[in-house]
2 protein chains.
Amino acid sequence: MAKAAKYDRQNVIDKATNLYWKKGFHATSMRNLQDEIDMRPGSIYAAFGNKDGLFKQALRHYTDIGLTQIQQLKQVHDSPMAVLIAFVKAQVIESQDTAPSGMCMLAKTIGELTEENQDLIDTTKSHLAEISAEFVKLIEAAQALGEVDKHKNAQDLAIHVQIQIAGLRTFAKINNDTNLLNNKVDDIFSHYPF
Amino acid sequence: MAKAAKYDRQNVIDKATNLYWKKGFHATSMRNLQDEIDMRPGSIYAAFGNKDGLFKQALRHYTDIGLTQIQQLKQVHDSPMAVLIAFVKAQVIESQDTAPSGMCMLAKTIGELTEENQDLIDTTKSHLAEISAEFVKLIEAAQALGEVDKHKNAQDLAIHVQIQIAGLRTFAKINNDTNLLNNKVDDIFSHYPF
DNA sequence: CATATATTTGAACGACTGCTCAAATTAATT
DNA sequence: AATTAATTTGAGCAGTCGTTCAAATATATG
């Protein structure tokens with residue numbers, strides 16, 4: 001019978017995610033991670049394979065947090081568009097002060113990595129597609145309710161939202177003006193292409 | 001009398017810029033740079049101080065390329081807005097295939113670095129402000145010509161353009177659809193807030 | 001309690017990091 | 001051509017990188 005691991009796997013992945021998110025893939029060393037999650041190299045490699053393997057778990061965890069957040073917002077807001085707006089504001093504004101990095105970890109990873117880590121890039125892209133798919137669902141629900149013009153392409157609008165998030169989170173690292181950011185997010189959904 | 005350096009400083013900085021731009025600050029090692037620019041460590045350190053010093057020169061060079069490009073476009077296009085649109089398209093679309101990285105080096109740097117390299121972050125921010133200042137000048141010129149509503153704030157519009165560039169260049173790394181990107185750039189200037 | 005199995009440990013490996021500096025080389029000056 | 005000054009060289013330093021694996025420890029089974 002397999003012995004139950006002494007370490008708390010979810011907690012370990014969560015801490016690793018925060019460190020990777022803050023410092024990026026290359027600047028985070030295995031020794032940084034050893035200290036952060038309080039595990040010795042052998043245990044980490046037994047549990048996650050290598051640095052890439054642990055990073056993939058971090059990407060998965062980061063994405064799940066986002067997806068979960070969307071589900072939670074669905075229970076707070078009646079309107080699908082309100083869910084989307086609340087999510088974007090959480091990503092762009094709140095995360096600037098509370099998150100390990102103001103940047104989206106997926107966008108940051110896409111920006112940082114090269115062909116040398118193509119598999120990590122591919123993983124990252126597929127996770128961005130997962131988030132986008134949730135945006136599409138929200139927008140289609142909004143269209144069904146008449147909140148958004150039915151003739152517009154939900155895919156295109158979802159892409160537009162992701163572009164705005166990437167742009168605004170980058171800008172927020174330069175100029176973290178909450179009021180300005182708040183207005184900019186509102187503008188996204190009250191003007192073309194919405 | 002100081003001996004004229006045997007190496008071509010501008011060529012060295014240009015090559016270093018391309019490597020830093022492609023791989024990012026942390027993933028670019030001094031040995032990578034030694035190979036790329038064909039200089040021995042002693043010479044590099046004599047000329048640039050340290051890894052940070054060379055990176056600062058790279059940031060300066062990268063920014064100058066952008067500023068120069070704007071000046072060149074001014075001589076091709078009569079309309080200030082045409083200059084701005086052409087520049088954004090060059091940044092977002094053309095650079096995807098020709099540049100070392102599809103990303104804006106300044107945005108990439110802002111995303112990658114942490115407080116540990118605050119001086120490099122500050123340098124990067126000031127260069128982004130330089131670019132933004134050029135955008136402001138172009139927009140104000142467009143306003144003087146009646147191409148853009150005089151009542152709009154040129155600063156805000158310039159910020160908007162920078163956010164769109166950051167967002168689109170990130171998106172372009174995921175989905176490099178030239179037609180789609182082209183339309184998206186045109187949309188920036190034909191809808192709110194323009 | 002003894003045995004077998006699963007898990008954790010941490011020293012250590014070869015390769016690489018940013019960087020230094022005495023020695024060699026090159027160029028300018030007399 | 002001899003002397004001085006500027007520049008380049010590259011071996012090498014101390015430290016870190018990602019990773020391995022025999023030994024120690026912990027858990028489960030008989």
# chains A, B, ... in the order shown; residues from 1 in each chain; ligands from 1
call {"tool": "closest_atom_pairs", "arguments": {"of": "chain B", "to": "chain A", "cutoff": "6 Å", "atoms": "only C-alpha atoms", "output": "tab-separated table"}}
result
residue	atom	partner	partner_atom	distance
B:Ile163	CA	A:Gly167	CA	4.5
B:Gln164	CA	A:Gly167	CA	5.9
B:Ala166	CA	A:Gly167	CA	4.8
B:Gly167	CA	A:Gly167	CA	3.8
B:Leu168	CA	A:Ile163	CA	5.9
call {"tool": "interface_residues", "arguments": {"of": "chain B", "to": "chain C", "cutoff": "12 Å", "atoms": "only C-alpha atoms (C1' of nucleotides)", "output": "list in words"}}
result
Met1, Ala2, Lys3, Ala4, Ala5, Lys6, His26, Ala27, Thr28, Ser29, Met30, Arg31, Asn32, Leu33, Arg40, Pro41, Gly42, Ser43, Ile44, Tyr45, Ala46, Gly49, Asn50, Lys51 and Asp52 of chain B
call {"tool": "write_last_selection", "arguments": {"atoms": "C-alpha atoms", "output": "tab-separated table (two decimals), in the first residue's frame"}}
result
chain	number	residue	atom	x	y	z
B	1	MET	CA	45.76	59.71	-26.07
B	2	ALA	CA	43.06	57.12	-25.77
B	3	LYS	CA	43.41	54.26	-28.15
B	4	ALA	CA	40.50	53.81	-30.49
B	5	ALA	CA	38.62	50.67	-29.55
B	6	LYS	CA	39.05	47.82	-31.98
B	26	HIS	CA	17.76	36.42	-16.69
B	27	ALA	CA	18.01	33.76	-19.38
B	28	THR	CA	20.82	35.59	-21.16
B	29	SER	CA	24.17	34.67	-19.63
B	30	MET	CA	27.37	36.65	-19.96
B	31	ARG	CA	28.83	33.67	-21.82
B	32	ASN	CA	25.94	33.78	-24.27
B	33	LEU	CA	26.77	37.44	-24.81
B	40	ARG	CA	36.22	38.37	-23.96
B	41	PRO	CA	34.82	39.00	-20.46
B	42	GLY	CA	37.49	41.54	-19.54
B	43	SER	CA	36.68	43.71	-22.54
B	44	ILE	CA	32.96	43.55	-21.92
B	45	TYR	CA	33.34	44.52	-18.29
B	46	ALA	CA	35.77	47.30	-19.20
B	49	GLY	CA	30.69	47.63	-16.25
B	50	ASN	CA	28.57	44.57	-15.67
B	51	LYS	CA	25.59	42.60	-16.96
B	52	ASP	CA	23.19	45.34	-15.88
call {"tool": "residues_around", "arguments": {"residues": "Ala86 of chain A", "least_positions_apart": "2", "cutoff": "10 Å", "atoms": "only C-alpha atoms (C1' of nucleotides)", "output": "ChimeraX atom specification"}}
result
/A:69-70,73-74,76-77,80-84,88-92,185-186
call {"tool": "write_last_selection", "arguments": {"atoms": "N, CA, C and O atoms", "output": "compact mmCIF listing (two decimals), in the first residue's frame"}}
result
# COMPACT_ATOMS: atom_id res chain seq x y z
N GLN A 69 -12.43 31.22 -9.85
CA GLN A 69 -12.88 32.58 -9.55
C GLN A 69 -14.07 32.96 -10.42
O GLN A 69 -15.03 33.59 -9.93
N ILE A 70 -14.02 32.57 -11.68
CA ILE A 70 -15.16 32.85 -12.56
C ILE A 70 -16.42 32.14 -12.04
O ILE A 70 -17.50 32.74 -11.98
N LEU A 73 -17.77 33.98 -9.10
CA LEU A 73 -18.42 35.25 -9.46
C LEU A 73 -19.80 35.02 -10.06
O LEU A 73 -20.68 35.87 -9.96
N LYS A 74 -19.97 33.86 -10.68
CA LYS A 74 -21.29 33.53 -11.24
C LYS A 74 -22.36 33.46 -10.15
O LYS A 74 -23.53 33.70 -10.41
N VAL A 76 -22.34 35.27 -7.46
CA VAL A 76 -22.51 36.59 -6.85
C VAL A 76 -23.30 37.51 -7.77
O VAL A 76 -24.09 38.33 -7.33
N HIS A 77 -23.06 37.37 -9.08
CA HIS A 77 -23.70 38.25 -10.04
C HIS A 77 -24.72 37.50 -10.88
O HIS A 77 -24.46 36.38 -11.32
N PRO A 80 -24.26 37.75 -16.71
CA PRO A 80 -22.99 37.20 -17.21
C PRO A 80 -21.96 38.29 -17.48
O PRO A 80 -20.77 38.10 -17.23
N MET A 81 -22.44 39.43 -17.99
CA MET A 81 -21.50 40.52 -18.25
C MET A 81 -20.93 41.07 -16.95
O MET A 81 -19.75 41.45 -16.88
N ALA A 82 -21.73 41.10 -15.91
CA ALA A 82 -21.25 41.55 -14.61
C ALA A 82 -20.16 40.62 -14.10
O ALA A 82 -19.18 41.06 -13.48
N VAL A 83 -20.33 39.33 -14.37
CA VAL A 83 -19.31 38.34 -13.98
C VAL A 83 -18.00 38.66 -14.71
O VAL A 83 -16.92 38.72 -14.11
N LEU A 84 -18.11 38.87 -16.00
CA LEU A 84 -16.93 39.14 -16.82
C LEU A 84 -16.22 40.42 -16.37
O LEU A 84 -14.99 40.44 -16.21
N VAL A 88 -12.44 40.71 -14.80
CA VAL A 88 -11.39 41.54 -15.40
C VAL A 88 -10.85 42.54 -14.38
O VAL A 88 -9.64 42.74 -14.27
N LYS A 89 -11.74 43.12 -13.60
CA LYS A 89 -11.29 44.07 -12.59
C LYS A 89 -10.44 43.38 -11.52
O LYS A 89 -9.44 43.94 -11.06
N ALA A 90 -10.83 42.19 -11.16
CA ALA A 90 -10.03 41.43 -10.19
C ALA A 90 -8.63 41.18 -10.75
O ALA A 90 -7.63 41.34 -10.06
N GLN A 91 -8.57 40.79 -12.01
CA GLN A 91 -7.29 40.50 -12.65
C GLN A 91 -6.43 41.75 -12.78
O GLN A 91 -5.23 41.73 -12.50
N VAL A 92 -7.05 42.83 -13.22
CA VAL A 92 -6.28 44.02 -13.57
C VAL A 92 -5.98 44.90 -12.35
O VAL A 92 -4.86 45.40 -12.21
N VAL A 185 -11.39 49.59 -17.62
CA VAL A 185 -12.09 48.30 -17.69
C VAL A 185 -13.56 48.53 -18.06
O VAL A 185 -14.11 47.82 -18.91
N ASP A 186 -14.18 49.49 -17.43
CA ASP A 186 -15.58 49.78 -17.76
C ASP A 186 -15.74 50.14 -19.23
O ASP A 186 -16.69 49.72 -19.90
call {"tool": "interface_residues", "arguments": {"of": "chain D", "to": "chain B", "cutoff": "12 Å", "atoms": "only C-alpha atoms (C1' of nucleotides)", "output": "PyMOL selection string"}}
result
chain D and resi 4-11
call {"tool": "residues_around", "arguments": {"residues": "Phe135 of chain B", "least_positions_apart": "2", "cutoff": "9 Å", "atoms": "only C-alpha atoms (C1' of nucleotides)", "output": "PyMOL selection string"}}
result
chain B and resi 84+130-133+137-140+154-155+157-159+161-162
call {"tool": "select_by_dssp", "arguments": {"residues": "segment 16-143 of chain A", "states": "alpha helix (DSSP H)", "output": "PyMOL selection string"}}
result
chain A and resi 16-23+30-37+41-48+51-76+80-89+95-98+105-112+118-143
call {"tool": "atom_distance", "arguments": {"atom1": "atom CA of Thr17 of chain B", "atom2": "atom CA of Asp64 of chain B"}}
result
11.5 Å
